[in-house]
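Just final-v9.cif here, mmCIF, C-alpha atoms and all ligand atoms:
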data_structure
loop_
_atom_site.label_atom_id
_atom_site.label_comp_id
_atom_site.auth_asym_id
_atom_site.auth_seq_id
_atom_site.Cartn_x
_atom_site.Cartn_y
_atom_site.Cartn_z
CA MET A 1 116.21 73.61 103.94
CA GLY A 2 119.42 74.32 102.01
CA LYS A 3 122.65 72.45 102.60
CA SER A 4 124.30 75.36 104.50
CA GLU A 5 121.31 75.57 106.82
CA GLU A 6 121.30 71.81 107.30
CA LEU A 7 125.03 71.85 108.13
CA PHE A 8 124.50 74.71 110.58
CA GLU A 9 121.74 72.77 112.36
CA ARG A 10 124.01 69.73 112.63
CA ALA A 11 126.95 71.89 113.72
CA LYS A 12 124.93 73.48 116.54
CA GLN A 13 124.47 70.04 118.09
CA VAL A 14 128.21 69.45 118.41
CA ILE A 15 130.10 72.78 118.15
CA PRO A 16 129.47 75.78 120.46
CA GLY A 17 127.10 78.04 118.53
CA GLY A 18 127.67 75.86 115.47
CA VAL A 19 130.93 77.62 114.57
CA ASN A 20 134.62 77.29 115.27
CA SER A 21 135.12 81.06 115.48
CA PRO A 22 132.36 83.39 116.72
CA VAL A 23 132.33 86.02 113.94
CA ARG A 24 131.33 83.28 111.48
CA ALA A 25 128.01 82.79 113.23
CA PHE A 26 126.51 85.90 111.56
CA ARG A 27 124.91 86.83 114.89
CA ALA A 28 125.70 90.51 114.51
CA VAL A 29 124.24 90.74 111.02
CA GLY A 30 121.35 88.29 111.10
CA GLY A 31 120.75 85.40 108.74
CA LYS A 32 122.45 82.02 108.67
CA PRO A 33 126.16 81.41 108.05
CA ARG A 34 127.15 80.08 104.68
CA PHE A 35 129.19 76.88 104.70
CA ILE A 36 131.87 77.14 102.06
CA ALA A 37 132.54 74.19 99.79
CA SER A 38 135.30 75.62 97.61
CA ALA A 39 137.04 78.80 96.58
CA GLY A 40 139.08 80.03 93.63
CA GLY A 41 140.42 83.46 92.69
CA ALA A 42 138.15 86.14 94.16
CA GLN A 43 135.19 83.80 94.53
CA MET A 44 133.83 81.32 97.05
CA THR A 45 131.10 78.75 96.47
CA ASP A 46 128.88 77.60 99.29
CA ALA A 47 127.47 74.15 99.97
CA ASP A 48 124.32 75.04 98.00
CA GLY A 49 126.30 76.07 94.93
CA ASN A 50 125.85 79.85 95.46
CA VAL A 51 128.86 81.82 94.25
CA TYR A 52 130.09 84.89 96.13
CA LEU A 53 132.57 87.59 95.33
CA ASP A 54 134.74 87.32 98.44
CA PHE A 55 136.07 90.37 100.29
CA VAL A 56 137.20 88.48 103.41
CA GLY A 57 139.92 86.32 101.87
CA SER A 58 140.14 84.08 104.96
CA TRP A 59 140.69 87.31 106.94
CA GLY A 60 143.65 88.40 104.89
CA PRO A 61 145.99 85.65 103.83
CA MET A 62 144.47 85.02 100.41
CA ILE A 63 146.21 88.09 99.02
CA LEU A 64 146.86 86.24 95.76
CA GLY A 65 143.28 85.01 95.60
CA HIS A 66 142.02 81.57 96.55
CA ASP A 67 143.63 78.40 95.29
CA HIS A 68 146.58 79.99 93.51
CA PRO A 69 148.02 77.19 91.33
CA ALA A 70 151.66 77.69 92.42
CA VAL A 71 150.69 77.64 96.10
CA ARG A 72 148.52 74.57 95.67
CA GLU A 73 151.25 72.75 93.78
CA ALA A 74 153.87 73.56 96.43
CA ALA A 75 151.56 72.35 99.21
CA VAL A 76 150.68 69.12 97.39
CA LYS A 77 154.33 68.34 96.62
CA ALA A 78 155.32 68.94 100.23
CA ALA A 79 152.42 66.78 101.46
CA GLU A 80 153.70 63.93 99.30
CA ARG A 81 156.95 64.05 101.28
CA GLY A 82 155.22 63.94 104.67
CA LEU A 83 152.65 65.95 106.64
CA SER A 84 154.55 66.63 109.85
CA PHE A 85 157.97 65.69 111.14
CA GLY A 86 158.17 67.21 114.63
CA ALA A 87 161.76 67.93 113.64
CA SER A 88 163.50 70.67 111.69
CA CYS A 89 163.25 70.88 107.89
CA GLU A 90 164.82 72.96 105.12
CA ALA A 91 161.67 74.94 104.30
CA GLU A 92 161.58 76.57 107.73
CA VAL A 93 165.15 77.81 107.28
CA GLU A 94 164.21 79.27 103.90
CA MET A 95 161.15 80.92 105.43
CA ALA A 96 163.16 82.46 108.27
CA GLU A 97 165.83 83.69 105.84
CA LEU A 98 163.20 85.27 103.62
CA ILE A 99 161.51 87.06 106.53
CA CYS A 100 164.80 88.28 108.02
CA ARG A 101 165.94 89.59 104.62
CA SER A 102 162.62 91.31 103.86
CA VAL A 103 161.25 92.74 107.10
CA PRO A 104 163.57 95.50 108.30
CA SER A 105 163.19 95.03 112.08
CA VAL A 106 163.56 91.24 112.08
CA GLU A 107 166.95 89.66 112.76
CA LEU A 108 165.70 86.44 114.35
CA VAL A 109 162.28 84.88 113.84
CA ARG A 110 160.43 81.95 115.41
CA MET A 111 157.61 80.08 113.63
CA VAL A 112 154.38 79.30 115.46
CA ASN A 113 150.92 78.22 114.30
CA SER A 114 148.67 81.26 114.52
CA GLY A 115 148.65 84.98 115.12
CA THR A 116 147.34 84.36 118.63
CA GLU A 117 150.34 82.18 119.41
CA ALA A 118 152.70 84.71 117.88
CA VAL A 119 151.35 87.50 120.10
CA MET A 120 151.30 85.37 123.24
CA SER A 121 154.94 84.41 122.63
CA ALA A 122 156.10 87.93 121.72
CA LEU A 123 154.59 89.27 124.94
CA ARG A 124 156.38 86.60 126.94
CA ALA A 125 159.66 87.44 125.22
CA ALA A 126 159.13 91.15 125.92
CA ARG A 127 158.47 90.42 129.58
CA GLY A 128 161.46 88.09 129.79
CA TYR A 129 163.75 90.62 128.14
CA THR A 130 162.70 93.66 130.18
CA GLY A 131 161.93 91.91 133.48
CA ARG A 132 158.70 93.95 133.61
CA ASP A 133 155.11 92.64 133.70
CA LYS A 134 152.77 95.27 132.32
CA ILE A 135 151.70 95.56 128.70
CA VAL A 136 149.98 98.50 127.04
CA LYS A 137 147.42 97.69 124.35
CA PHE A 138 144.93 99.92 122.60
CA GLU A 139 141.16 99.85 123.01
CA GLY A 140 139.61 98.14 120.00
CA CYS A 141 142.84 96.49 118.85
CA TYR A 142 142.59 92.73 118.63
CA HIS A 143 145.64 90.55 119.11
CA GLY A 144 144.10 87.09 119.14
CA HIS A 145 142.51 85.37 122.07
CA CYS A 146 145.30 84.89 124.63
CA ASP A 147 144.09 85.88 128.12
CA SER A 148 145.96 89.13 128.57
CA MET A 149 144.82 90.54 125.21
CA LEU A 150 141.08 90.02 125.76
CA VAL A 151 140.81 93.37 127.46
CA LYS A 152 138.87 96.06 125.57
CA ALA A 153 139.52 93.98 122.46
CA GLY A 154 138.23 94.42 118.93
CA SER A 155 136.97 91.92 116.35
CA GLY A 156 134.47 89.30 117.58
CA VAL A 157 134.67 90.47 121.18
CA MET A 158 133.70 93.99 120.13
CA THR A 159 131.07 92.66 117.71
CA GLY A 160 129.56 90.43 120.38
CA GLY A 161 129.55 93.28 122.91
CA VAL A 162 131.88 91.56 125.37
CA PRO A 163 135.18 93.43 124.97
CA ASP A 164 136.43 91.95 128.25
CA SER A 165 136.01 88.20 128.02
CA ALA A 166 134.83 86.11 130.95
CA GLY A 167 137.33 83.47 132.06
CA VAL A 168 140.31 85.81 132.07
CA PRO A 169 141.90 85.78 135.55
CA ARG A 170 141.78 89.18 137.25
CA GLY A 171 145.53 89.04 137.86
CA CYS A 172 146.20 88.50 134.18
CA ALA A 173 144.01 91.39 133.09
CA ALA A 174 145.53 93.63 135.78
CA ASP A 175 148.81 93.67 133.90
CA THR A 176 147.13 94.82 130.70
CA LEU A 177 146.80 98.58 130.50
CA THR A 178 144.68 100.14 127.78
CA ALA A 179 145.38 103.32 125.89
CA ILE A 180 143.43 105.13 123.17
CA TYR A 181 144.40 104.55 119.53
CA ASN A 182 145.83 107.68 117.86
CA ASP A 183 146.25 109.33 121.27
CA LEU A 184 149.89 109.52 122.40
CA GLU A 185 148.94 111.39 125.58
CA SER A 186 146.96 108.35 126.78
CA VAL A 187 150.14 106.29 126.43
CA ARG A 188 152.32 108.84 128.20
CA ARG A 189 149.85 108.91 131.09
CA LEU A 190 150.22 105.14 131.59
CA PHE A 191 154.01 105.34 131.62
CA ALA A 192 153.77 108.15 134.18
CA GLU A 193 151.39 106.11 136.32
CA PHE A 194 153.44 102.89 136.17
CA PRO A 195 157.08 104.00 135.97
CA GLY A 196 159.56 101.22 135.15
CA GLN A 197 156.79 98.59 135.04
CA ILE A 198 155.73 98.50 131.38
CA ALA A 199 157.43 95.81 129.31
CA ALA A 200 155.90 96.67 125.96
CA VAL A 201 153.38 98.61 123.95
CA ILE A 202 151.60 96.39 121.43
CA VAL A 203 149.71 97.94 118.54
CA GLU A 204 148.12 97.05 115.23
CA PRO A 205 149.99 99.60 113.09
CA VAL A 206 146.78 99.87 111.09
CA ALA A 207 143.91 98.92 113.38
CA ALA A 208 141.85 96.44 111.37
CA ASN A 209 139.73 94.75 114.02
CA MET A 210 137.48 97.69 114.97
CA GLY A 211 136.76 98.30 111.32
CA VAL A 212 139.81 99.87 109.71
CA VAL A 213 141.32 102.81 111.60
CA VAL A 214 144.46 104.27 110.11
CA PRO A 215 147.28 105.67 112.23
CA GLU A 216 147.38 109.46 112.15
CA GLU A 217 150.57 111.25 111.17
CA GLY A 218 153.09 110.94 114.03
CA PHE A 219 151.22 108.26 115.99
CA LEU A 220 153.48 105.29 115.21
CA SER A 221 156.68 107.33 115.32
CA GLY A 222 155.46 108.85 118.60
CA LEU A 223 155.01 105.37 120.07
CA ARG A 224 158.53 104.53 118.91
CA SER A 225 159.96 107.57 120.74
CA ILE A 226 158.01 106.92 123.94
CA CYS A 227 159.08 103.26 124.07
CA THR A 228 162.72 104.16 123.45
CA GLU A 229 162.65 106.82 126.17
CA GLU A 230 160.97 104.48 128.64
CA LYS A 231 163.14 101.44 127.77
CA ALA A 232 160.00 99.49 126.89
CA LEU A 233 159.62 97.44 123.72
CA LEU A 234 157.39 98.41 120.82
CA ILE A 235 155.54 95.44 119.29
CA PHE A 236 153.79 95.76 115.94
CA ASP A 237 151.08 93.17 115.46
CA GLU A 238 151.41 92.71 111.71
CA VAL A 239 149.08 89.71 111.50
CA ILE A 240 146.93 91.72 109.08
CA THR A 241 149.35 94.31 107.67
CA GLY A 242 152.40 92.05 107.27
CA PHE A 243 153.15 91.24 103.61
CA ARG A 244 149.89 93.05 102.76
CA LEU A 245 150.63 96.80 102.81
CA GLY A 246 153.85 95.87 101.07
CA PHE A 247 156.46 93.15 101.35
CA ALA A 248 157.96 94.90 104.38
CA GLY A 249 154.54 95.27 106.04
CA ALA A 250 153.37 98.36 107.90
CA GLN A 251 156.85 98.96 109.31
CA GLY A 252 158.15 99.35 105.76
CA TYR A 253 155.10 101.33 104.65
CA TYR A 254 155.26 103.85 107.49
CA GLY A 255 159.02 103.68 108.10
CA VAL A 256 158.77 102.99 111.84
CA MET A 257 160.75 100.09 113.32
CA PRO A 258 159.32 98.04 116.19
CA ASP A 259 161.49 95.92 118.49
CA LEU A 260 159.31 92.86 117.93
CA CYS A 261 156.59 92.06 115.43
CA THR A 262 154.10 89.30 114.86
CA PHE A 263 152.78 87.69 111.68
CA GLY A 264 149.89 85.37 110.96
CA LYS A 265 148.35 83.19 108.31
CA ILE A 266 149.56 85.25 105.36
CA ILE A 267 153.04 83.71 105.72
CA GLY A 268 151.41 80.30 105.29
CA ALA A 269 149.38 81.50 102.27
CA GLY A 270 146.33 80.64 104.37
CA MET A 271 147.67 77.56 106.14
CA PRO A 272 147.68 77.74 109.98
CA VAL A 273 150.94 79.64 110.53
CA GLY A 274 152.22 82.52 112.60
CA ALA A 275 155.62 83.94 113.52
CA TYR A 276 157.21 86.44 115.85
CA GLY A 277 160.56 88.07 115.44
CA GLY A 278 162.62 91.17 115.96
CA ARG A 279 165.92 92.46 117.23
CA ARG A 280 168.50 89.72 117.76
CA GLU A 281 169.26 90.86 121.30
CA VAL A 282 165.59 90.59 122.29
CA MET A 283 164.86 87.33 120.47
CA GLU A 284 167.90 85.71 122.10
CA VAL A 285 165.87 85.42 125.31
CA VAL A 286 163.82 82.66 123.62
CA ALA A 287 164.66 79.00 124.44
CA PRO A 288 166.92 77.20 123.75
CA LEU A 289 169.14 80.34 123.67
CA GLY A 290 167.47 82.01 126.63
CA LYS A 291 165.11 81.43 129.49
CA VAL A 292 161.78 82.32 127.85
CA TYR A 293 160.14 79.02 127.02
CA GLN A 294 158.02 78.61 123.91
CA ALA A 295 157.55 75.48 121.80
CA GLY A 296 155.31 73.68 119.30
CA THR A 297 155.30 70.32 117.52
CA LEU A 298 153.60 71.78 114.46
CA SER A 299 155.71 74.95 114.29
CA GLY A 300 157.52 75.21 110.95
CA ASN A 301 155.26 72.49 109.55
CA PRO A 302 156.66 71.42 106.14
CA VAL A 303 153.38 71.73 104.20
CA ALA A 304 152.56 75.14 105.66
CA MET A 305 156.10 76.37 105.02
CA ALA A 306 156.02 75.18 101.41
CA ALA A 307 152.67 76.85 100.71
CA GLY A 308 153.80 80.05 102.43
CA LEU A 309 157.13 80.22 100.62
CA ALA A 310 155.40 79.77 97.27
CA GLY A 311 152.98 82.61 98.03
CA LEU A 312 155.63 84.95 99.43
CA HIS A 313 157.97 84.39 96.49
CA ILE A 314 155.23 85.43 94.06
CA LEU A 315 154.68 88.62 96.08
CA LYS A 316 158.40 89.33 96.34
CA ASP A 317 159.24 88.69 92.72
CA ASP A 318 156.52 90.97 91.36
CA PRO A 319 156.45 94.24 93.33
CA GLY A 320 153.88 95.40 90.75
CA ILE A 321 151.34 93.27 92.65
CA TYR A 322 151.37 95.68 95.60
CA GLU A 323 151.25 98.70 93.31
CA ARG A 324 148.19 97.35 91.50
CA LEU A 325 146.50 96.12 94.66
CA ASN A 326 147.03 99.36 96.58
CA ALA A 327 145.93 101.43 93.57
CA LEU A 328 142.76 99.32 93.32
CA GLY A 329 142.19 99.95 97.04
CA ASP A 330 142.65 103.71 96.61
CA SER A 331 140.26 103.92 93.68
CA PHE A 332 137.72 101.66 95.42
CA ARG A 333 137.70 103.91 98.50
CA ALA A 334 137.53 107.09 96.43
CA GLU A 335 134.58 105.76 94.41
CA LEU A 336 132.81 104.43 97.48
CA ALA A 337 133.21 107.75 99.29
CA ARG A 338 132.00 109.71 96.25
CA LEU A 339 129.01 107.41 95.93
CA THR A 340 127.94 107.42 99.58
CA GLU A 341 128.50 111.18 99.93
CA GLY A 342 126.56 111.82 96.75
CA LEU A 343 123.64 109.81 98.11
CA GLY A 344 123.83 111.52 101.50
CA ALA A 345 124.41 108.16 103.21
CA PRO A 346 125.40 108.49 106.88
CA CYS A 347 128.68 106.69 106.29
CA GLN A 348 132.35 107.16 105.93
CA VAL A 349 135.04 105.25 104.16
CA THR A 350 138.39 104.45 105.76
CA GLY A 351 141.40 102.35 104.90
CA VAL A 352 144.85 102.11 103.41
CA GLY A 353 146.27 99.93 100.65
CA SER A 354 144.11 96.85 100.17
CA LEU A 355 142.32 97.27 103.54
CA SER A 356 139.06 99.21 103.55
CA CYS A 357 136.01 99.80 105.68
CA LEU A 358 132.58 101.36 105.24
CA PHE A 359 131.61 102.71 108.66
CA PHE A 360 127.94 103.37 109.24
CA THR A 361 128.59 106.60 111.13
CA LYS A 362 129.10 110.21 110.17
CA GLU A 363 131.60 110.68 112.98
CA HIS A 364 135.27 110.80 112.01
CA VAL A 365 136.58 107.38 113.10
CA ARG A 366 139.99 107.58 114.74
CA ASP A 367 139.66 105.28 117.78
CA TYR A 368 137.46 102.72 119.55
CA ALA A 369 134.94 105.24 120.90
CA SER A 370 134.31 106.79 117.49
CA ALA A 371 134.18 103.36 115.79
CA LYS A 372 131.50 102.38 118.34
CA THR A 373 129.23 105.20 117.14
CA SER A 374 128.49 103.04 114.07
CA ASP A 375 124.92 101.96 113.47
CA THR A 376 125.40 98.19 113.58
CA GLU A 377 121.74 97.51 112.75
CA ALA A 378 122.17 99.43 109.51
CA PHE A 379 125.38 97.53 108.84
CA GLY A 380 123.45 94.27 109.28
CA ARG A 381 120.86 95.37 106.69
CA TYR A 382 123.66 96.36 104.30
CA PHE A 383 125.45 93.03 104.86
CA ARG A 384 122.30 91.03 104.06
CA HIS A 385 121.68 93.12 100.93
CA MET A 386 125.24 92.52 99.71
CA LEU A 387 125.08 88.79 100.44
CA GLY A 388 121.83 88.62 98.51
CA ARG A 389 123.70 90.14 95.54
CA GLY A 390 126.42 87.50 95.81
CA ILE A 391 128.94 89.74 97.58
CA TYR A 392 130.52 88.38 100.75
CA VAL A 393 131.85 91.11 103.05
CA ALA A 394 132.86 90.46 106.66
CA PRO A 395 129.82 89.67 108.82
CA SER A 396 130.60 92.49 111.25
CA GLN A 397 131.00 96.25 111.13
CA PHE A 398 134.21 95.88 113.10
CA GLU A 399 136.30 94.00 110.52
CA ALA A 400 138.14 94.91 107.35
CA LEU A 401 137.28 94.51 103.69
CA PHE A 402 140.21 92.74 102.01
CA LEU A 403 141.09 93.11 98.34
CA SER A 404 143.25 90.50 96.67
CA ALA A 405 145.30 90.37 93.50
CA ALA A 406 142.49 88.29 92.01
CA HIS A 407 139.97 91.16 92.26
CA ARG A 408 139.40 93.03 89.01
CA GLN A 409 137.98 96.46 88.25
CA GLU A 410 134.72 94.81 87.17
CA ASP A 411 134.43 93.20 90.63
CA VAL A 412 134.80 96.61 92.22
CA ASP A 413 132.28 98.13 89.80
CA ARG A 414 129.78 95.38 90.56
CA THR A 415 130.28 95.96 94.29
CA LEU A 416 129.76 99.71 93.95
CA SER A 417 126.54 99.11 92.01
CA ALA A 418 125.26 96.86 94.79
CA VAL A 419 126.16 99.53 97.39
CA GLU A 420 124.34 102.16 95.32
CA GLU A 421 121.30 99.93 95.04
CA TYR A 422 121.31 99.47 98.84
CA PHE A 423 121.39 103.17 99.63
CA LYS A 424 118.85 104.07 96.98
CA GLY A 425 116.56 101.47 98.59
N1 LIG A 501 139.27 89.67 113.26
C1 LIG A 501 139.55 88.29 113.10
C2 LIG A 501 140.72 88.12 112.21
N2 LIG A 501 141.77 88.97 112.51
C3 LIG A 501 138.33 87.60 112.64
C4 LIG A 501 138.50 86.16 112.35
C5 LIG A 501 137.91 85.27 113.38
O1 LIG A 501 137.81 85.66 114.54
O2 LIG A 501 137.56 84.19 112.97
#

What does this structure look like when you write it as structure tokens?
Ligand code: HOZ
Amino acid sequence: MGKSEELFERAKQVIPGGVNSPVRAFRAVGGKPRFIASAGGAQMTDADGNVYLDFVGSWGPMILGHDHPAVREAAVKAAERGLSFGASCEAEVEMAELICRSVPSVELVRMVNSGTEAVMSALRAARGYTGRDKIVKFEGCYHGHCDSMLVKAGSGVMTGGVPDSAGVPRGCAADTLTAIYNDLESVRRLFAEFPGQIAAVIVEPVAANMGVVVPEEGFLSGLRSICTEEKALLIFDEVITGFRLGFAGAQGYYGVMPDLCTFGKIIGAGMPVGAYGGRREVMEVVAPLGKVYQAGTLSGNPVAMAAGLAGLHILKDDPGIYERLNALGDSFRAELARLTEGLGAPCQVTGVGSLSCLFFTKEHVRDYASAKTSDTEAFGRYFRHMLGRGIYVAPSQFEALFLSAAHRQEDVDRTLSAVEEYFKG
């Protein structure tokens, strides 16, 4: 038995399913999870010494690659000054200033510890500001695991076939209304059905938790218009797209301004961080300015802030990073599409910038229903083939493939060869 397998057996005795997050269990793709011992650049090494080309990147934040020296150094230096203060520090002010200067819709921002926390808090702020209870989300979009968002959710809940989690109180779910991604009519219908009751529409501006589904022309701007007309707030969940599509996130990329937005681990360069922010008038409802309570001892943690600031400054100071990364994404998708089409593989390639997806369906994927037409058994076979070739893609059809600045053309070429080998059998 290898070390990963041994660790998994031990883990199963003391951790539910042997994992601290369900997608890691590899249940949807078969095989045993790899336990990672270290990572650097575009590679990860498991406990048995196997090296993988990594296309997960800790689910997005490792946009500079693993173990970037400047990020590591900043984190180590900060750790030498103390791990946690439970009081304010300079780095959190710098972080907030950087976000407010760089993300067009953000005038005030509050640090939290994860994307889930950011979403939960943004929803509370939206409800506090509007005095309304209902929230519209989209089928297949995943916004973390707070109760009200585990309704027709993507990511692990979609992968595990339980899009509506048990344990969510009926009353909580009743205030969550679901619309269809890329379908403005489905949103208008909900506003017509619940006039004056909808606090906010929350959306992943690029849906990246049901595979990658890009917003069609007019979808995001249409949501903006509907929310403005209905005096509801528009929330962009930028946990995946923030600081990834560009330094101004999806809102900068598509030129549509939300009222509130959420960020995740990328602003901590992989450390456990999240944030929510937006228009000053809305964010002023948050305590201690307003009556919406939200708090956290670890929020604005000095080590996480230092690591995050180091990573964000590298991205900000070299806009060429996004140009190169997005160009690599474009050429990767073009090559992958050419290859799979040429081989007659029943697949299609989606994505934008450094986010990509190979869907195992011929159907044009534009929403949850079409994403669900994917052949997940075939995806599992493909996943195992890639892993066997030392290529680590997300262990689920319904996740994204993340490129980082550490990936090179030869990594992409090697990946395409492995894909070709898979389809040629
Ligand atoms: N889709 C999740 C990240 N946005 C997967 C990560 C996890 O659940 O562990």

- If you count only C-alpha atoms, which residues fall within 7 Å of A:Tyr392, apart from same-chain ones fewer than 4 positions away, as a VMD selection string? chain A and resid 52 to 55 386 to 387

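Residues of protein, DNA or RNA lying at most 6 Å from ligand LIG 501 (chain A), when all atoms listed in the file are considered, are Ser21, Val23, Trp59, Ser155, Gly156, Asn209 and Glu399 of chain A.
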
- Closest to A:Val282 among A:Ser121, A:Thr376, A:Ser84, A:Thr130, using all atoms listed in the file? A:Thr130

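Our summary of the geometry notes that atom CA of A:Val412 is positioned 26.9 Å from atom CA of A:Thr373.
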
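Rounded to one decimal, atom CA of A:Arg110 and atom CA of A:Val206 lie 22.9 Å from each other.
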
- In Å, with one decimal, what is the gap from atom CA of A:Gly351 to atom CA of A:Thr176? 27.5 Å

- Message: Env of stretch 1-9 of chain A: 12 Å cut, atoms = only C-alpha atoms, seq-sep filter 4 positions within chain, self excluded. Answer as an MDAnalysis selection string.
- Response: chainID A and resid 13:20 24:26 31:37 45:50

- Message: Quick one: residues within 9 Å of A:Met305, only C-alpha atoms, excluding same-chain residues fewer than 5 positions away - as a PyMOL selection string?
- Response: chain A and resi 75+78+91-92+94-95+267-269+271+273+300+310

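Taking only C-alpha atoms into account, A:Gly311 lies nearest to A:Phe243 out of the set A:Tyr129, A:Tyr142, A:Phe243, A:Phe332.
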
Reconstruct stretch 67-81 of chain A at the level of N, CA, C and O atoms, and format the result as an mmCIF file, in the frame of the given file.
data_model
loop_
_atom_site.group_PDB
_atom_site.id
_atom_site.type_symbol
_atom_site.label_atom_id
_atom_site.label_comp_id
_atom_site.auth_asym_id
_atom_site.auth_seq_id
_atom_site.Cartn_x
_atom_site.Cartn_y
_atom_site.Cartn_z
ATOM 1 N N ASP A 67 143.182 79.539 96.081
ATOM 2 C CA ASP A 67 143.630 78.400 95.290
ATOM 3 C C ASP A 67 144.587 78.818 94.162
ATOM 4 O O ASP A 67 144.413 78.412 93.004
ATOM 5 N N HIS A 68 145.583 79.608 94.520
ATOM 6 C CA HIS A 68 146.580 79.990 93.510
ATOM 7 C C HIS A 68 147.325 78.716 93.088
ATOM 8 O O HIS A 68 147.797 77.955 93.929
ATOM 9 N N PRO A 69 147.461 78.472 91.778
ATOM 10 C CA PRO A 69 148.020 77.190 91.330
ATOM 11 C C PRO A 69 149.427 76.906 91.880
ATOM 12 O O PRO A 69 149.716 75.761 92.253
ATOM 13 N N ALA A 70 150.289 77.924 91.947
ATOM 14 C CA ALA A 70 151.660 77.690 92.420
ATOM 15 C C ALA A 70 151.672 77.327 93.909
ATOM 16 O O ALA A 70 152.474 76.498 94.361
ATOM 17 N N VAL A 71 150.770 77.928 94.657
ATOM 18 C CA VAL A 71 150.690 77.640 96.100
ATOM 19 C C VAL A 71 150.154 76.225 96.304
ATOM 20 O O VAL A 71 150.697 75.438 97.100
ATOM 21 N N ARG A 72 149.111 75.914 95.546
ATOM 22 C CA ARG A 72 148.520 74.570 95.670
ATOM 23 C C ARG A 72 149.556 73.505 95.320
ATOM 24 O O ARG A 72 149.739 72.529 96.051
ATOM 25 N N GLU A 73 150.273 73.738 94.228
ATOM 26 C CA GLU A 73 151.250 72.750 93.780
ATOM 27 C C GLU A 73 152.353 72.550 94.835
ATOM 28 O O GLU A 73 152.750 71.419 95.134
ATOM 29 N N ALA A 74 152.818 73.654 95.410
ATOM 30 C CA ALA A 74 153.870 73.560 96.430
ATOM 31 C C ALA A 74 153.373 72.771 97.641
ATOM 32 O O ALA A 74 154.094 71.930 98.198
ATOM 33 N N ALA A 75 152.113 73.041 98.044
ATOM 34 C CA ALA A 75 151.560 72.350 99.210
ATOM 35 C C ALA A 75 151.395 70.852 98.923
ATOM 36 O O ALA A 75 151.729 70.003 99.763
ATOM 37 N N VAL A 76 150.906 70.530 97.735
ATOM 38 C CA VAL A 76 150.680 69.120 97.390
ATOM 39 C C VAL A 76 152.008 68.365 97.343
ATOM 40 O O VAL A 76 152.144 67.269 97.901
ATOM 41 N N LYS A 77 153.009 68.999 96.713
ATOM 42 C CA LYS A 77 154.330 68.340 96.620
ATOM 43 C C LYS A 77 154.912 68.096 97.999
ATOM 44 O O LYS A 77 155.470 67.037 98.278
ATOM 45 N N ALA A 78 154.783 69.090 98.871
ATOM 46 C CA ALA A 78 155.320 68.940 100.230
ATOM 47 C C ALA A 78 154.559 67.834 100.968
ATOM 48 O O ALA A 78 155.161 67.021 101.682
ATOM 49 N N ALA A 79 153.233 67.793 100.771
ATOM 50 C CA ALA A 79 152.420 66.780 101.460
ATOM 51 C C ALA A 79 152.838 65.371 101.032
ATOM 52 O O ALA A 79 152.793 64.430 101.825
ATOM 53 N N GLU A 80 153.264 65.258 99.783
ATOM 54 C CA GLU A 80 153.700 63.930 99.300
ATOM 55 C C GLU A 80 154.974 63.459 100.001
ATOM 56 O O GLU A 80 155.278 62.275 100.014
ATOM 57 N N ARG A 81 155.707 64.430 100.574
ATOM 58 C CA ARG A 81 156.950 64.050 101.280
ATOM 59 C C ARG A 81 156.724 63.844 102.776
ATOM 60 O O ARG A 81 157.648 63.484 103.501
#
